[in-house]
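Structure first, commentary second.
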Amino acid sequence: MSVNPFLAVRTAAAGLPALVRLAGGSRLVAAAMLDAVGTGLILPLTVLLFVVHERVPAHLVGLGISIGGVIALLLAPLGGHLVDRIGSKHALIGAWLLGCAAVACYVLVRSWLEIIGVITALSFAGNISSTARSTLLASIVESSQLSRVMAIARSFRNAGYGVGGLLATAALVAGSSGFLLAVYGDATSFLLAALLVSGMTSRPTPPRAVDIVRDDVTLRTVLTDWRYIAVTGFDALISFHQVALQVALPLWVVLYTHAPRALVGLLFTLNTVVVVIAQVRVSRDVRGLAQAPRTYVRGGLSMVAASAAFLSAHYVGARAAVVLLVIGALFMTCAEMLCSAADWVVSFGLADDDHRGKYLAVYSMGNSLGDAVGPSVSTALLSAGAVVVWPAIAAIVAVGSLASAAVAHSASRDRRVSGADPALS
């Protein structure tokens with residue numbers, strides 16, 4: 001049966017207001033998209049800005065960015081404590097204002113020590129805003145709808161990243177002035193996002209007895225919660241699918257296949273478009289801990305299939321390599337969407353509802369650790385030869401997925417036995 005594309009577009013447009021309401025309302029959606037546009041604009045240009053425009057040696061730029069990222073990673077739990085202390089809305093506004101100031105200071109950078117300062121501030125602001133945005137969404141939706149709502153929010157943000165990437169391309173064409181426009185454009189996006197969220201109306205939450213009883217929950221409590229720390233660590237392994245897309249795949253296409261180099265950009269675009277279109281559908285049936293184990297398993301298997309396709313592309317001609325690389329990118333995007341859907345319900349389902357900021361901030365450290373360690377691991381695997389890299393990356397993601405599935409299954413079983421939180425079990 002044929003599908004009318006115009007009817008599909010009209011149907012999607014008709015459902016857009018409902019999706020916006022689910023994702024937190026027009027103000028929060030617009031603010032999150034502005035943040036994503038600014039991030040997509042500045043990320044591809046950051047290294048070039050410091051090296052080409054600010055004349056800082058490339059190796060010092062890399063060192064400064066790495067150190068700043070590690071410092072922000074260590075500060076992440078404090079950001080979660082701040083979210084719980086002052087509330088997600090105020091923390092989100094503060095994080096975006098800090099991000100605005102940090103990015104604006106990019107134009108003042110002249111040394112790698114200053115790079116550490118601005119990268120630490122921007123990364124810390126990003127950690128807080130991610131945690132605050134998630135807790136703000138969780139406070140206004142039912143737990144059974146959480147995965148779907150997070151998927152909707154992510155689709156909107158991915159659309160923003162796509163727009164930011166196009167603007168970054170235009171900035172590169174503009175030359176030196178383009179760098180300055182990118183910096184001030186990103187800073188403006190933070191400021192506008194903060195202004196939009198500041199106008200959100202929030203319903204006051206009546207005080208509950210549990211708020212007094214559970215006031216003893218501290219960062220130490222989270223760090224001694226073995227299940228939560230376990231899935232946090234396993235998430236560092238799962239996040240290698242992101243590293244594979246950003247680091248391993250571009251180098252693989254150029255160094256180990258006969259495919260044209262221009263395919264690298266198209267594979268990135270394919271990933272973004274598929275996530276925007278399909279993430280909500282993939283996450284629709286992942287309502288709680290009971291659905292998380294099989295979703296993790298499917299994500300791990302998808303990454304294995306992607307790795308097999310990528311490895312096969314090494315042994316064929318240019319046309320066949322392009323086909324295999326596209327198939328691999330689709331499977332890797334499936335792994336990303338499935339694991340993300342499971343991550344959302346697990347990170348919220350295992351957290352204390354009254355101290356989500358602390359829990360989610362700790363959970364974010366797993367992904368940040370993967371981002372920090374992954375590039376060096378990927379490049380080391382690539383240097384070991386064509387046969388090693390994709391089987392190793394597939395094994396890393398699969399182990400993280402299967403281990404997370406086991407923890408989620410254990411938690412779901414215990415909650416069924418106790419009868420606690422049926423919506424999440």
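Chain labels run A, B, ... following the order of the structure tokens; each chain numbers its residues from 1, and ligands are numbered from 1 in the order shown.
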Residue neighbourhood segment 48-57 of chain A, 7 Å, only C-alpha atoms, exclusion window fewer than 3 positions, as a short mmCIF file (atom, residue, chain, number, x, y, z; two decimals) with all heavy atoms, in the first residue's frame:
```cif
data_model
loop_
_atom_site.label_atom_id
_atom_site.label_comp_id
_atom_site.auth_asym_id
_atom_site.auth_seq_id
_atom_site.Cartn_x
_atom_site.Cartn_y
_atom_site.Cartn_z
N LEU A 45 33.09 23.90 16.06
CA LEU A 45 34.03 24.99 15.83
C LEU A 45 34.96 25.25 17.01
O LEU A 45 35.87 26.07 16.89
CB LEU A 45 33.26 26.29 15.52
CG LEU A 45 32.25 26.23 14.36
CD1 LEU A 45 31.57 27.58 14.20
CD2 LEU A 45 32.95 25.83 13.07
N LEU A 60 47.92 21.70 23.11
CA LEU A 60 47.51 22.32 24.37
C LEU A 60 45.99 22.51 24.42
O LEU A 60 45.38 22.43 25.48
CB LEU A 60 48.21 23.67 24.54
CG LEU A 60 49.73 23.61 24.76
CD1 LEU A 60 50.30 25.01 24.93
CD2 LEU A 60 50.05 22.77 25.99
N VAL A 61 45.39 22.75 23.25
CA VAL A 61 43.93 22.86 23.19
C VAL A 61 43.30 21.53 23.61
O VAL A 61 42.38 21.49 24.43
CB VAL A 61 43.47 23.26 21.78
CG1 VAL A 61 41.95 23.14 21.67
CG2 VAL A 61 43.90 24.68 21.46
N VAL A 109 40.12 33.99 25.40
CA VAL A 109 41.09 32.93 25.66
C VAL A 109 42.39 33.19 24.90
O VAL A 109 42.38 33.48 23.70
CB VAL A 109 40.51 31.56 25.27
CG1 VAL A 109 41.60 30.50 25.22
CG2 VAL A 109 39.42 31.15 26.24
N ARG A 110 43.51 33.05 25.62
CA ARG A 110 44.82 33.19 25.00
C ARG A 110 45.79 32.09 25.41
O ARG A 110 46.91 32.02 24.88
CB ARG A 110 45.43 34.56 25.36
CG ARG A 110 44.68 35.76 24.81
CD ARG A 110 44.70 35.79 23.29
NE ARG A 110 43.99 36.96 22.76
CZ ARG A 110 42.71 36.99 22.48
NH1 ARG A 110 41.97 35.90 22.68
NH2 ARG A 110 42.14 38.07 21.99
N SER A 111 45.41 31.24 26.36
CA SER A 111 46.30 30.17 26.82
C SER A 111 45.49 28.94 27.15
O SER A 111 44.26 28.99 27.29
CB SER A 111 47.09 30.63 28.06
OG SER A 111 46.23 30.72 29.19
N SER A 176 37.05 34.24 9.74
CA SER A 176 37.34 34.68 11.11
C SER A 176 36.13 35.30 11.78
O SER A 176 35.87 35.05 12.96
CB SER A 176 38.49 35.69 11.08
OG SER A 176 38.81 36.11 12.39
N PHE A 179 33.67 32.77 13.37
CA PHE A 179 33.94 32.25 14.71
C PHE A 179 33.29 33.14 15.77
O PHE A 179 32.68 32.65 16.73
CB PHE A 179 35.44 32.17 14.96
CG PHE A 179 36.12 31.05 14.22
CD1 PHE A 179 37.14 31.31 13.33
CD2 PHE A 179 35.75 29.73 14.42
CE1 PHE A 179 37.77 30.30 12.65
CE2 PHE A 179 36.37 28.70 13.76
CZ PHE A 179 37.38 28.98 12.85
#
```
**Request:** Please provide the set of residues having any atom within 10 Å of Ala259 of chain A, restricted to only C-alpha atoms, with same-chain residues fewer than 4 positions apart removed, written as a PyMOL selection string.
**Result:** chain A and resi 252-255+263-264+313-314+316-325
Give me a file of those residues, with N, CA and C atoms, as a PDB file, in the first residue's frame.
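Generated output (out.pdb):
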```pdb
ATOM      1  N   TRP A 252      37.373   5.281  10.512  1.00  0.00           N
ATOM      2  CA  TRP A 252      37.217   3.997   9.826  1.00  0.00           C
ATOM      3  C   TRP A 252      36.900   4.200   8.347  1.00  0.00           C
ATOM      4  N   VAL A 253      35.966   5.121   8.064  1.00  0.00           N
ATOM      5  CA  VAL A 253      35.584   5.390   6.680  1.00  0.00           C
ATOM      6  C   VAL A 253      36.788   5.861   5.870  1.00  0.00           C
ATOM      7  N   VAL A 254      37.584   6.753   6.447  1.00  0.00           N
ATOM      8  CA  VAL A 254      38.708   7.351   5.730  1.00  0.00           C
ATOM      9  C   VAL A 254      39.896   6.389   5.612  1.00  0.00           C
ATOM     10  N   LEU A 255      40.209   5.675   6.684  1.00  0.00           N
ATOM     11  CA  LEU A 255      41.428   4.880   6.730  1.00  0.00           C
ATOM     12  C   LEU A 255      41.255   3.434   6.277  1.00  0.00           C
ATOM     13  N   LEU A 263      31.027  10.711   2.734  1.00  0.00           N
ATOM     14  CA  LEU A 263      30.008   9.878   3.374  1.00  0.00           C
ATOM     15  C   LEU A 263      29.964  10.097   4.876  1.00  0.00           C
ATOM     16  N   VAL A 264      31.067  10.526   5.481  1.00  0.00           N
ATOM     17  CA  VAL A 264      31.121  10.738   6.926  1.00  0.00           C
ATOM     18  C   VAL A 264      30.039  11.718   7.369  1.00  0.00           C
ATOM     19  N   ALA A 313      32.569  -3.709   5.557  1.00  0.00           N
ATOM     20  CA  ALA A 313      32.835  -2.648   4.589  1.00  0.00           C
ATOM     21  C   ALA A 313      34.323  -2.529   4.266  1.00  0.00           C
ATOM     22  N   HIS A 314      35.155  -3.060   5.111  1.00  0.00           N
ATOM     23  CA  HIS A 314      36.604  -3.006   4.888  1.00  0.00           C
ATOM     24  C   HIS A 314      37.036  -3.929   3.750  1.00  0.00           C
ATOM     25  N   VAL A 316      35.287  -4.864   0.902  1.00  0.00           N
ATOM     26  CA  VAL A 316      34.561  -4.764  -0.367  1.00  0.00           C
ATOM     27  C   VAL A 316      34.926  -3.467  -1.077  1.00  0.00           C
ATOM     28  N   GLY A 317      34.397  -3.325  -2.293  1.00  0.00           N
ATOM     29  CA  GLY A 317      34.636  -2.124  -3.076  1.00  0.00           C
ATOM     30  C   GLY A 317      33.854  -0.930  -2.580  1.00  0.00           C
ATOM     31  N   ALA A 318      34.004   0.190  -3.306  1.00  0.00           N
ATOM     32  CA  ALA A 318      33.450   1.460  -2.843  1.00  0.00           C
ATOM     33  C   ALA A 318      31.929   1.419  -2.725  1.00  0.00           C
ATOM     34  N   ARG A 319      31.236   0.926  -3.754  1.00  0.00           N
ATOM     35  CA  ARG A 319      29.781   0.954  -3.725  1.00  0.00           C
ATOM     36  C   ARG A 319      29.226   0.056  -2.626  1.00  0.00           C
ATOM     37  N   ALA A 320      29.750  -1.163  -2.554  1.00  0.00           N
ATOM     38  CA  ALA A 320      29.288  -2.073  -1.503  1.00  0.00           C
ATOM     39  C   ALA A 320      29.622  -1.522  -0.122  1.00  0.00           C
ATOM     40  N   ALA A 321      30.767  -0.846  -0.004  1.00  0.00           N
ATOM     41  CA  ALA A 321      31.171  -0.266   1.285  1.00  0.00           C
ATOM     42  C   ALA A 321      30.168   0.808   1.713  1.00  0.00           C
ATOM     43  N   VAL A 322      29.712   1.629   0.762  1.00  0.00           N
ATOM     44  CA  VAL A 322      28.736   2.665   1.088  1.00  0.00           C
ATOM     45  C   VAL A 322      27.451   2.032   1.620  1.00  0.00           C
ATOM     46  N   VAL A 323      26.986   0.990   0.952  1.00  0.00           N
ATOM     47  CA  VAL A 323      25.761   0.310   1.381  1.00  0.00           C
ATOM     48  C   VAL A 323      25.922  -0.262   2.780  1.00  0.00           C
ATOM     49  N   LEU A 324      27.035  -0.951   3.022  1.00  0.00           N
ATOM     50  CA  LEU A 324      27.276  -1.563   4.335  1.00  0.00           C
ATOM     51  C   LEU A 324      27.427  -0.516   5.429  1.00  0.00           C
ATOM     52  N   LEU A 325      28.067   0.599   5.122  1.00  0.00           N
ATOM     53  CA  LEU A 325      28.245   1.655   6.114  1.00  0.00           C
ATOM     54  C   LEU A 325      26.901   2.304   6.472  1.00  0.00           C
TER      55      LEU A 325
END
```
**Asked** Running DSSP on the backbone, which parts of segment 169-310 of chain A land in helix (DSSP H, G or I), as a ChimeraX atom specification?
**Response** /A:169-174,176-198,209-216,219-223,226-238,240-256,263-283,292-310
Print the selection's residues with C-alpha atoms to a file, as an mmCIF file, in the first residue's frame.
```cif
data_model
loop_
_atom_site.group_PDB
_atom_site.id
_atom_site.type_symbol
_atom_site.label_atom_id
_atom_site.label_comp_id
_atom_site.auth_asym_id
_atom_site.auth_seq_id
_atom_site.Cartn_x
_atom_site.Cartn_y
_atom_site.Cartn_z
ATOM 1 C CA THR A 169 28.900 25.208 8.277
ATOM 2 C CA ALA A 170 27.868 28.736 7.338
ATOM 3 C CA ALA A 171 30.135 30.167 10.049
ATOM 4 C CA LEU A 172 33.115 28.277 8.648
ATOM 5 C CA VAL A 173 32.464 29.778 5.220
ATOM 6 C CA ALA A 174 32.428 33.263 6.793
ATOM 7 C CA SER A 176 37.339 34.679 11.105
ATOM 8 C CA SER A 177 34.179 36.701 11.649
ATOM 9 C CA GLY A 178 32.205 33.467 11.549
ATOM 10 C CA PHE A 179 33.939 32.251 14.712
ATOM 11 C CA LEU A 180 32.865 35.391 16.585
ATOM 12 C CA LEU A 181 29.310 35.087 15.279
ATOM 13 C CA ALA A 182 29.213 31.455 16.454
ATOM 14 C CA VAL A 183 30.417 32.381 19.944
ATOM 15 C CA TYR A 184 27.951 35.210 20.380
ATOM 16 C CA GLY A 185 25.198 33.160 18.752
ATOM 17 C CA ASP A 186 25.677 30.361 21.279
ATOM 18 C CA ALA A 187 25.811 32.831 24.177
ATOM 19 C CA THR A 188 22.590 34.433 22.946
ATOM 20 C CA SER A 189 20.885 31.033 22.719
ATOM 21 C CA PHE A 190 21.664 30.403 26.402
ATOM 22 C CA LEU A 191 20.316 33.815 27.397
ATOM 23 C CA LEU A 192 17.099 33.441 25.404
ATOM 24 C CA ALA A 193 16.554 29.933 26.788
ATOM 25 C CA ALA A 194 16.913 31.227 30.353
ATOM 26 C CA LEU A 195 14.433 34.031 29.653
ATOM 27 C CA LEU A 196 11.895 31.584 28.220
ATOM 28 C CA VAL A 197 12.091 29.220 31.189
ATOM 29 C CA SER A 198 11.900 32.094 33.670
ATOM 30 C CA ALA A 209 5.856 13.994 55.202
ATOM 31 C CA VAL A 210 8.288 12.052 53.059
ATOM 32 C CA ASP A 211 10.226 15.260 52.436
ATOM 33 C CA ILE A 212 11.062 15.306 56.135
ATOM 34 C CA VAL A 213 11.640 11.589 56.496
ATOM 35 C CA ARG A 214 13.954 11.397 53.466
ATOM 36 C CA ASP A 215 15.925 14.530 54.227
ATOM 37 C CA ASP A 216 18.810 12.259 55.225
ATOM 38 C CA LEU A 219 25.428 12.253 47.896
ATOM 39 C CA ARG A 220 26.943 9.574 50.129
ATOM 40 C CA THR A 221 23.598 7.761 50.046
ATOM 41 C CA VAL A 222 23.612 7.755 46.256
ATOM 42 C CA LEU A 223 27.240 6.668 46.041
ATOM 43 C CA TRP A 226 25.073 -0.428 44.599
ATOM 44 C CA ARG A 227 22.415 -0.819 41.922
ATOM 45 C CA TYR A 228 22.562 2.825 40.922
ATOM 46 C CA ILE A 229 26.344 2.921 40.858
ATOM 47 C CA ALA A 230 26.387 -0.330 38.870
ATOM 48 C CA VAL A 231 24.097 0.977 36.107
ATOM 49 C CA THR A 232 26.053 4.246 36.120
ATOM 50 C CA GLY A 233 29.262 2.337 35.443
ATOM 51 C CA PHE A 234 27.613 0.141 32.812
ATOM 52 C CA ASP A 235 26.301 3.287 31.101
ATOM 53 C CA ALA A 236 29.932 4.319 30.571
ATOM 54 C CA LEU A 237 30.305 1.137 28.486
ATOM 55 C CA ILE A 238 27.015 1.618 26.641
ATOM 56 C CA PHE A 240 30.703 3.797 23.455
ATOM 57 C CA HIS A 241 28.086 3.807 20.696
ATOM 58 C CA GLN A 242 28.342 7.610 20.798
ATOM 59 C CA VAL A 243 32.134 7.472 20.698
ATOM 60 C CA ALA A 244 31.913 5.062 17.779
ATOM 61 C CA LEU A 245 29.801 7.548 15.827
ATOM 62 C CA GLN A 246 31.928 10.587 16.650
ATOM 63 C CA VAL A 247 35.454 9.130 16.587
ATOM 64 C CA ALA A 248 35.781 5.547 15.341
ATOM 65 C CA LEU A 249 33.403 5.700 12.362
ATOM 66 C CA PRO A 250 34.864 8.813 10.642
ATOM 67 C CA LEU A 251 38.400 7.444 10.947
ATOM 68 C CA TRP A 252 37.217 3.997 9.826
ATOM 69 C CA VAL A 253 35.584 5.390 6.680
ATOM 70 C CA VAL A 254 38.708 7.351 5.730
ATOM 71 C CA LEU A 255 41.428 4.880 6.730
ATOM 72 C CA TYR A 256 39.926 1.424 6.250
ATOM 73 C CA LEU A 263 30.008 9.878 3.374
ATOM 74 C CA VAL A 264 31.121 10.738 6.926
ATOM 75 C CA GLY A 265 28.952 13.857 7.049
ATOM 76 C CA LEU A 266 26.019 12.022 5.492
ATOM 77 C CA LEU A 267 26.205 9.280 8.125
ATOM 78 C CA PHE A 268 26.052 11.909 10.873
ATOM 79 C CA THR A 269 23.034 13.486 9.199
ATOM 80 C CA LEU A 270 21.381 10.079 8.816
ATOM 81 C CA ASN A 271 21.825 9.425 12.528
ATOM 82 C CA THR A 272 20.267 12.764 13.489
ATOM 83 C CA VAL A 273 17.316 12.423 11.125
ATOM 84 C CA VAL A 274 16.487 8.865 12.202
ATOM 85 C CA VAL A 275 16.570 9.830 15.897
ATOM 86 C CA VAL A 276 14.254 12.776 15.259
ATOM 87 C CA ILE A 277 11.802 10.575 13.347
ATOM 88 C CA ALA A 278 11.919 7.303 15.282
ATOM 89 C CA GLN A 279 12.983 7.921 18.897
ATOM 90 C CA VAL A 280 9.435 8.559 20.113
ATOM 91 C CA ARG A 281 8.147 5.386 18.451
ATOM 92 C CA VAL A 282 11.008 3.282 19.822
ATOM 93 C CA SER A 283 10.412 4.580 23.356
ATOM 94 C CA ALA A 292 14.077 -2.149 30.282
ATOM 95 C CA PRO A 293 15.914 -5.530 30.225
ATOM 96 C CA ARG A 294 14.716 -6.646 26.797
ATOM 97 C CA THR A 295 15.239 -3.126 25.442
ATOM 98 C CA TYR A 296 18.862 -3.191 26.605
ATOM 99 C CA VAL A 297 19.355 -6.616 25.012
ATOM 100 C CA ARG A 298 17.929 -5.425 21.697
ATOM 101 C CA GLY A 299 20.208 -2.378 21.869
ATOM 102 C CA GLY A 300 23.279 -4.540 22.448
ATOM 103 C CA LEU A 301 22.348 -6.860 19.558
ATOM 104 C CA SER A 302 21.824 -3.859 17.280
ATOM 105 C CA MET A 303 25.344 -2.657 18.069
ATOM 106 C CA VAL A 304 26.737 -6.108 17.257
ATOM 107 C CA ALA A 305 24.937 -6.015 13.894
ATOM 108 C CA ALA A 306 26.256 -2.495 13.218
ATOM 109 C CA SER A 307 29.815 -3.547 13.989
ATOM 110 C CA ALA A 308 29.518 -6.549 11.659
ATOM 111 C CA ALA A 309 28.372 -4.274 8.825
ATOM 112 C CA PHE A 310 31.179 -1.774 9.454
#
```
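Within 7 Å of segment 128-140 of chain A, once only C-alpha atoms are used and residues closer than 6 positions along the same chain are dropped, the contacting residues are Gly24, Gly79, Gly80, Val83, Ser88, Lys89, Ala91, Leu92, Ala95, Trp96, Leu146, Arg356, Gly357, Leu360 and Ala361 of chain A.
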Atoms kept (all heavy atoms) for selection, written as a tab-separated table (two decimals), in the first residue's frame:
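Result file follows (again-v1.tsv):
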```tsv
chain	number	residue	atom	x	y	z
A	24	GLY	N	6.67	19.32	27.91
A	24	GLY	CA	6.84	20.34	28.93
A	24	GLY	C	6.27	21.68	28.58
A	24	GLY	O	6.42	22.64	29.34
A	79	GLY	N	26.41	19.53	41.23
A	79	GLY	CA	25.35	20.13	40.44
A	79	GLY	C	24.00	19.50	40.75
A	79	GLY	O	22.99	20.20	40.83
A	80	GLY	N	23.98	18.18	40.95
A	80	GLY	CA	22.75	17.50	41.32
A	80	GLY	C	22.23	17.96	42.67
A	80	GLY	O	21.02	18.13	42.87
A	83	VAL	N	20.51	21.23	42.20
A	83	VAL	CA	19.16	21.08	41.63
A	83	VAL	C	18.15	20.75	42.72
A	83	VAL	O	17.05	21.32	42.77
A	83	VAL	CB	19.16	20.00	40.53
A	83	VAL	CG1	17.73	19.69	40.08
A	83	VAL	CG2	20.01	20.43	39.34
A	88	SER	N	14.52	22.59	40.20
A	88	SER	CA	15.00	22.35	38.84
A	88	SER	C	14.87	23.58	37.95
A	88	SER	O	15.75	23.86	37.13
A	88	SER	CB	14.26	21.16	38.22
A	88	SER	OG	12.87	21.33	38.32
A	89	LYS	N	13.79	24.35	38.10
A	89	LYS	CA	13.61	25.53	37.26
A	89	LYS	C	14.69	26.57	37.50
A	89	LYS	O	15.32	27.06	36.56
A	89	LYS	CB	12.23	26.14	37.51
A	89	LYS	CG	11.99	27.44	36.75
A	89	LYS	CD	10.63	28.04	37.08
A	89	LYS	CE	10.48	29.43	36.49
A	89	LYS	NZ	9.17	30.04	36.81
A	91	ALA	N	17.60	26.12	38.94
A	91	ALA	CA	18.91	25.56	38.59
A	91	ALA	C	19.12	25.61	37.08
A	91	ALA	O	20.24	25.89	36.61
A	91	ALA	CB	19.02	24.12	39.09
A	92	LEU	N	18.07	25.35	36.32
A	92	LEU	CA	18.17	25.39	34.86
A	92	LEU	C	18.48	26.80	34.37
A	92	LEU	O	19.34	27.00	33.51
A	92	LEU	CB	16.86	24.88	34.25
A	92	LEU	CG	16.79	24.74	32.73
A	92	LEU	CD1	17.91	23.86	32.21
A	92	LEU	CD2	15.44	24.18	32.31
A	95	ALA	N	22.07	27.58	35.26
A	95	ALA	CA	23.02	26.86	34.41
A	95	ALA	C	23.16	27.53	33.06
A	95	ALA	O	24.26	27.68	32.52
A	95	ALA	CB	22.57	25.41	34.25
A	96	TRP	N	22.04	27.95	32.48
A	96	TRP	CA	22.10	28.60	31.17
A	96	TRP	C	22.77	29.97	31.24
A	96	TRP	O	23.47	30.37	30.31
A	96	TRP	CB	20.70	28.69	30.57
A	96	TRP	CG	20.30	27.41	29.88
A	96	TRP	CD1	21.13	26.49	29.32
A	96	TRP	CD2	18.97	26.93	29.67
A	96	TRP	NE1	20.41	25.45	28.78
A	96	TRP	CE2	19.08	25.68	28.97
A	96	TRP	CE3	17.70	27.39	30.00
A	96	TRP	CZ2	17.97	24.94	28.59
A	96	TRP	CZ3	16.60	26.65	29.62
A	96	TRP	CH2	16.73	25.44	28.93
A	146	LEU	N	7.15	8.59	31.15
A	146	LEU	CA	8.43	9.27	31.23
A	146	LEU	C	9.32	8.99	30.02
A	146	LEU	O	9.89	9.90	29.42
A	146	LEU	CB	9.15	8.87	32.51
A	146	LEU	CG	10.48	9.58	32.78
A	146	LEU	CD1	10.27	11.08	32.87
A	146	LEU	CD2	11.11	9.06	34.05
A	356	ARG	N	15.94	13.46	43.03
A	356	ARG	CA	16.31	13.07	41.67
A	356	ARG	C	17.56	13.80	41.19
A	356	ARG	O	18.34	13.25	40.41
A	356	ARG	CB	15.15	13.37	40.72
A	356	ARG	CG	14.02	12.35	40.79
A	356	ARG	CD	12.98	12.69	39.75
A	356	ARG	NE	11.94	11.68	39.72
A	356	ARG	CZ	10.64	11.95	39.62
A	356	ARG	NH1	10.26	13.22	39.58
A	356	ARG	NH2	9.76	10.99	39.55
A	357	GLY	N	17.71	15.06	41.61
A	357	GLY	CA	18.87	15.82	41.15
A	357	GLY	C	20.17	15.12	41.48
A	357	GLY	O	21.06	14.98	40.62
A	360	LEU	N	20.40	11.70	39.38
A	360	LEU	CA	20.62	11.88	37.95
A	360	LEU	C	21.99	12.50	37.66
A	360	LEU	O	22.61	12.20	36.64
A	360	LEU	CB	19.53	12.75	37.35
A	360	LEU	CG	18.13	12.13	37.34
A	360	LEU	CD1	17.12	13.09	36.72
A	360	LEU	CD2	18.11	10.81	36.58
A	361	ALA	N	22.46	13.35	38.56
A	361	ALA	CA	23.80	13.93	38.38
A	361	ALA	C	24.87	12.84	38.47
A	361	ALA	O	25.83	12.84	37.70
A	361	ALA	CB	24.05	15.01	39.43
```
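Atom CA of Asp354 of chain A lies 18.8 Å from atom CA of Ala411 of chain A.
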What's around Gly385 of chain A at 12 Å? Count only C-alpha atoms, leave out sequence neighbours fewer than 3 positions away in its own chain, and write the answer as a PDB file with N, CA and C atoms, in the first residue's frame.
```pdb
ATOM      1  N   TRP A 252      37.373   5.281  10.512  1.00  0.00           N
ATOM      2  CA  TRP A 252      37.217   3.997   9.826  1.00  0.00           C
ATOM      3  C   TRP A 252      36.900   4.200   8.347  1.00  0.00           C
ATOM      4  N   LEU A 255      40.209   5.675   6.684  1.00  0.00           N
ATOM      5  CA  LEU A 255      41.428   4.880   6.730  1.00  0.00           C
ATOM      6  C   LEU A 255      41.255   3.434   6.277  1.00  0.00           C
ATOM      7  N   TYR A 256      40.066   2.867   6.446  1.00  0.00           N
ATOM      8  CA  TYR A 256      39.926   1.424   6.250  1.00  0.00           C
ATOM      9  C   TYR A 256      38.872   1.010   5.229  1.00  0.00           C
ATOM     10  N   LEU A 311      32.636  -3.668   9.813  1.00  0.00           N
ATOM     11  CA  LEU A 311      33.815  -4.496   9.548  1.00  0.00           C
ATOM     12  C   LEU A 311      33.785  -5.061   8.132  1.00  0.00           C
ATOM     13  N   HIS A 314      35.155  -3.060   5.111  1.00  0.00           N
ATOM     14  CA  HIS A 314      36.604  -3.006   4.888  1.00  0.00           C
ATOM     15  C   HIS A 314      37.036  -3.929   3.750  1.00  0.00           C
ATOM     16  N   SER A 378      39.218   4.308  21.484  1.00  0.00           N
ATOM     17  CA  SER A 378      38.868   4.064  20.080  1.00  0.00           C
ATOM     18  C   SER A 378      40.070   4.235  19.161  1.00  0.00           C
ATOM     19  N   THR A 379      40.828   5.305  19.369  1.00  0.00           N
ATOM     20  CA  THR A 379      42.001   5.528  18.524  1.00  0.00           C
ATOM     21  C   THR A 379      43.053   4.450  18.751  1.00  0.00           C
ATOM     22  N   ALA A 380      43.183   3.979  19.990  1.00  0.00           N
ATOM     23  CA  ALA A 380      44.120   2.883  20.256  1.00  0.00           C
ATOM     24  C   ALA A 380      43.690   1.603  19.548  1.00  0.00           C
ATOM     25  N   LEU A 381      42.391   1.321  19.563  1.00  0.00           N
ATOM     26  CA  LEU A 381      41.881   0.136  18.870  1.00  0.00           C
ATOM     27  C   LEU A 381      42.074   0.252  17.364  1.00  0.00           C
ATOM     28  N   LEU A 382      41.852   1.454  16.822  1.00  0.00           N
ATOM     29  CA  LEU A 382      42.043   1.657  15.388  1.00  0.00           C
ATOM     30  C   LEU A 382      43.498   1.445  14.977  1.00  0.00           C
ATOM     31  N   VAL A 388      40.358  -5.472  14.780  1.00  0.00           N
ATOM     32  CA  VAL A 388      40.178  -5.355  16.230  1.00  0.00           C
ATOM     33  C   VAL A 388      39.052  -4.413  16.620  1.00  0.00           C
ATOM     34  N   VAL A 389      38.967  -3.251  15.985  1.00  0.00           N
ATOM     35  CA  VAL A 389      38.193  -2.136  16.527  1.00  0.00           C
ATOM     36  C   VAL A 389      36.708  -2.443  16.674  1.00  0.00           C
ATOM     37  N   TRP A 390      36.039  -2.943  15.631  1.00  0.00           N
ATOM     38  CA  TRP A 390      34.589  -3.104  15.727  1.00  0.00           C
ATOM     39  C   TRP A 390      34.154  -4.270  16.591  1.00  0.00           C
ATOM     40  N   PRO A 391      34.839  -5.419  16.548  1.00  0.00           N
ATOM     41  CA  PRO A 391      34.491  -6.457  17.527  1.00  0.00           C
ATOM     42  C   PRO A 391      34.659  -5.978  18.974  1.00  0.00           C
ATOM     43  N   ALA A 392      35.710  -5.182  19.227  1.00  0.00           N
ATOM     44  CA  ALA A 392      35.939  -4.688  20.586  1.00  0.00           C
ATOM     45  C   ALA A 392      34.847  -3.709  21.009  1.00  0.00           C
TER      46      ALA A 392
END
```
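Among the candidate residues A:Ile67, A:Val407, A:Val149, A:Leu78, the one lying nearest to Gly117 of chain A is A:Ile67, with distances computed using only C-alpha atoms.
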